[in-house]
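For reference, the structure discussed in these notes is given below.
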Amino acid sequence: MVYLRRFLLPIAIVALLVFLFVGAASTNASPKWSMNASIIEACSCPMFCQCYFNAEPAGHGDHNGHGSTHYCKFNNAFRVNKGTYGTTKLDGAKFWVAGDLGGDFSKGQMDWAVLTFDPSVTKAQRDGIVQVLGKLYPVKWNSFTIAPDQPISWVNSKETAIAKLDSGKAGEVSLKKFQGMTNEPVVIKNLKYWGAPRNSGFIMMPNTVEAYRLGDKAFEHKGTNGFMITFDIASTD
């Protein structure tokens, strides 16, 4: 019996240490998450945005008509269809990402982006959304900031899709369905959307306006690229 106790005691101690270590690791681990969301998206590139096929955006002529500058200034208005972050539900959360990919992103370095939440989004939901965005857009930004809350309206119909940031005073994306051979939407399939492993396809909808109207980086474009897309991504992917 004495020998048995001497044999079992080290095993028990090791088991206890393993249990404590695993418990601590589980406590410190990030919560599991998933998100299925739809985006009303537009940018300064001509239809269809060449950034999905090239390492630089479209060129834009300067004000003097000499040369061109490459940039992709975008507005992405999100509405979560279904999602979780740990025990927190993300369903219905609305947020907005505006920015510029810059002139050359061949090395995964983008220019700037600003994230804005609708005031209804809770602190726990915001934590989850930031976590998801880091995986959805797995790039480096010269500047990434979170702006003060602004109310977001998000409406999709058969013919149009319209999103507004602070009733359009802060930002606006208005899309109109591109007419195909039939009345069915024109959809690009089998094209990857950033870091999302699944999407429903890019629904072609050129913008009538896409604008970000805050700060010294405000911009506005009309008649350029626009689409709607629903993506699906999870921490287990």
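Ordering of the structure tokens sets the chain letters (A, B, ...), residue numbers begin anew at 1 in every chain, and ligands are numbered from 1 in the order given.
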Residues of region 88-184 of chain A in helix (DSSP H, G or I), written as a PyMOL selection string: chain A and resi 123-136
Who sits within 9 Å of Asn76 (chain A), only C-alpha atoms, same chain under 2 positions skipped, as JSON, numbers by chain: {"A": [39, 40, 41, 42, 43, 74, 78, 95, 96, 97, 98, 99, 173]}
Go ahead and save the residues from that selection, with N, CA, C and O atoms, as a PDB file, in the first residue's frame.
ATOM      1  N   ILE A  39     -23.657  42.823 -46.887  1.00  0.00           N
ATOM      2  CA  ILE A  39     -23.008  44.120 -47.035  1.00  0.00           C
ATOM      3  C   ILE A  39     -23.581  44.859 -48.238  1.00  0.00           C
ATOM      4  O   ILE A  39     -23.713  44.295 -49.319  1.00  0.00           O
ATOM      5  N   ILE A  40     -23.922  46.115 -48.032  1.00  0.00           N
ATOM      6  CA  ILE A  40     -24.176  47.047 -49.124  1.00  0.00           C
ATOM      7  C   ILE A  40     -22.855  47.767 -49.334  1.00  0.00           C
ATOM      8  O   ILE A  40     -22.422  48.540 -48.486  1.00  0.00           O
ATOM      9  N   GLU A  41     -22.190  47.476 -50.441  1.00  0.00           N
ATOM     10  CA  GLU A  41     -20.794  47.909 -50.607  1.00  0.00           C
ATOM     11  C   GLU A  41     -20.604  48.680 -51.910  1.00  0.00           C
ATOM     12  O   GLU A  41     -21.196  48.355 -52.938  1.00  0.00           O
ATOM     13  N   ALA A  42     -19.760  49.697 -51.863  1.00  0.00           N
ATOM     14  CA  ALA A  42     -19.441  50.491 -53.057  1.00  0.00           C
ATOM     15  C   ALA A  42     -18.043  51.064 -52.912  1.00  0.00           C
ATOM     16  O   ALA A  42     -17.522  51.212 -51.805  1.00  0.00           O
ATOM     17  N   CYS A  43     -17.439  51.383 -54.063  1.00  0.00           N
ATOM     18  CA  CYS A  43     -16.114  51.981 -54.031  1.00  0.00           C
ATOM     19  C   CYS A  43     -15.905  52.874 -55.248  1.00  0.00           C
ATOM     20  O   CYS A  43     -16.776  52.978 -56.120  1.00  0.00           O
ATOM     21  N   PHE A  74     -13.783  53.326 -50.321  1.00  0.00           N
ATOM     22  CA  PHE A  74     -14.946  52.438 -50.204  1.00  0.00           C
ATOM     23  C   PHE A  74     -15.823  52.765 -49.004  1.00  0.00           C
ATOM     24  O   PHE A  74     -15.393  53.407 -48.034  1.00  0.00           O
ATOM     25  N   PHE A  78     -22.708  47.074 -43.125  1.00  0.00           N
ATOM     26  CA  PHE A  78     -22.976  45.696 -42.714  1.00  0.00           C
ATOM     27  C   PHE A  78     -24.279  45.586 -41.906  1.00  0.00           C
ATOM     28  O   PHE A  78     -24.584  46.461 -41.094  1.00  0.00           O
ATOM     29  N   PHE A  95     -23.078  47.954 -38.624  1.00  0.00           N
ATOM     30  CA  PHE A  95     -21.842  48.733 -38.514  1.00  0.00           C
ATOM     31  C   PHE A  95     -21.356  49.102 -39.902  1.00  0.00           C
ATOM     32  O   PHE A  95     -21.827  48.570 -40.906  1.00  0.00           O
ATOM     33  N   TRP A  96     -20.413  50.028 -39.953  1.00  0.00           N
ATOM     34  CA  TRP A  96     -20.012  50.647 -41.214  1.00  0.00           C
ATOM     35  C   TRP A  96     -18.485  50.748 -41.246  1.00  0.00           C
ATOM     36  O   TRP A  96     -17.871  51.158 -40.262  1.00  0.00           O
ATOM     37  N   VAL A  97     -17.891  50.364 -42.351  1.00  0.00           N
ATOM     38  CA  VAL A  97     -16.451  50.527 -42.523  1.00  0.00           C
ATOM     39  C   VAL A  97     -16.212  51.347 -43.787  1.00  0.00           C
ATOM     40  O   VAL A  97     -16.643  50.966 -44.875  1.00  0.00           O
ATOM     41  N   ALA A  98     -15.557  52.492 -43.632  1.00  0.00           N
ATOM     42  CA  ALA A  98     -15.176  53.340 -44.764  1.00  0.00           C
ATOM     43  C   ALA A  98     -13.666  53.447 -44.788  1.00  0.00           C
ATOM     44  O   ALA A  98     -13.000  53.332 -43.754  1.00  0.00           O
ATOM     45  N   GLY A  99     -13.106  53.654 -45.987  1.00  0.00           N
ATOM     46  CA  GLY A  99     -11.656  53.771 -46.041  1.00  0.00           C
ATOM     47  C   GLY A  99     -11.123  53.822 -47.450  1.00  0.00           C
ATOM     48  O   GLY A  99     -11.852  54.073 -48.417  1.00  0.00           O
ATOM     49  N   VAL A 173     -24.517  55.118 -49.146  1.00  0.00           N
ATOM     50  CA  VAL A 173     -24.335  54.200 -50.274  1.00  0.00           C
ATOM     51  C   VAL A 173     -25.708  53.918 -50.861  1.00  0.00           C
ATOM     52  O   VAL A 173     -26.601  53.439 -50.165  1.00  0.00           O
TER      53      VAL A 173
END
Quick one: everything within 9 Å of Cys45 (chain A), counting only C-alpha atoms, minus sequence neighbours fewer than 6 positions away in the same chain. Send it as an mmCIF file with C-alpha atoms, in the first residue's frame.
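Output saved as part-v4.cif:
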data_model
loop_
_atom_site.group_PDB
_atom_site.id
_atom_site.type_symbol
_atom_site.label_atom_id
_atom_site.label_comp_id
_atom_site.auth_asym_id
_atom_site.auth_seq_id
_atom_site.Cartn_x
_atom_site.Cartn_y
_atom_site.Cartn_z
ATOM 1 C CA CYS A 51 -9.060 45.025 -56.792
ATOM 2 C CA PRO A 57 -6.949 49.702 -57.723
ATOM 3 C CA ALA A 58 -8.092 51.618 -60.789
ATOM 4 C CA GLY A 59 -6.267 54.805 -61.747
ATOM 5 C CA HIS A 60 -8.024 58.151 -61.453
ATOM 6 C CA TYR A 71 -6.926 54.367 -54.954
ATOM 7 C CA CYS A 72 -10.015 52.447 -53.895
ATOM 8 C CA LYS A 73 -12.136 54.578 -51.565
ATOM 9 C CA PHE A 74 -14.946 52.438 -50.204
ATOM 10 C CA THR A 224 -18.899 53.676 -59.850
ATOM 11 C CA ASN A 225 -18.647 50.131 -58.488
ATOM 12 C CA GLY A 226 -21.268 48.674 -56.196
#
For Gly171 (chain A), which residue among A:Met47, A:Leu214, A:Ala55, A:Ala93 is the nearest when counting only C-alpha atoms?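 Smallest distance to Gly171 (chain A) is found for A:Leu214.
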Excluding Ala113 (chain A) and any residue of its chain fewer than 4 positions from it, enumerate the residues within 12 Å of it, using only C-alpha atoms, and give them as a PyMOL selection string. chain A and resi 72-76+96-102+109+133+137+139-147+212+217-218
Could you check which of A:Lys107, A:Lys82, A:Lys89, A:Lys135 is closest to Gly195 (chain A), using only C-alpha atoms? A:Lys135
Report as a list in words all protein, DNA and RNA residues lying within 6 Å of Ala37 (chain A), evaluated on only C-alpha atoms, omitting residues in the same chain fewer than 2 positions from it.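 Answer for this query is Arg79, Val80, Asn81, Thr230 and Phe231 of chain A.
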May I ask which of the residues A:Thr236, A:Ser30, A:Thr87, A:Asn36 is the closest one to Arg198 (chain A), counting only C-alpha atoms?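 The shortest atom-to-atom distance to Arg198 (chain A) comes from A:Asn36.
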Mind the document's chain letters and residue numbers, and return as a PyMOL selection string the residues of region 8-177 of chain A that DSSP labels strand (DSSP E or B). chain A and resi 33-43+59-61+68-70+73-85+88-89+94-100+109-117+140-146+152-156+160-165+171-176
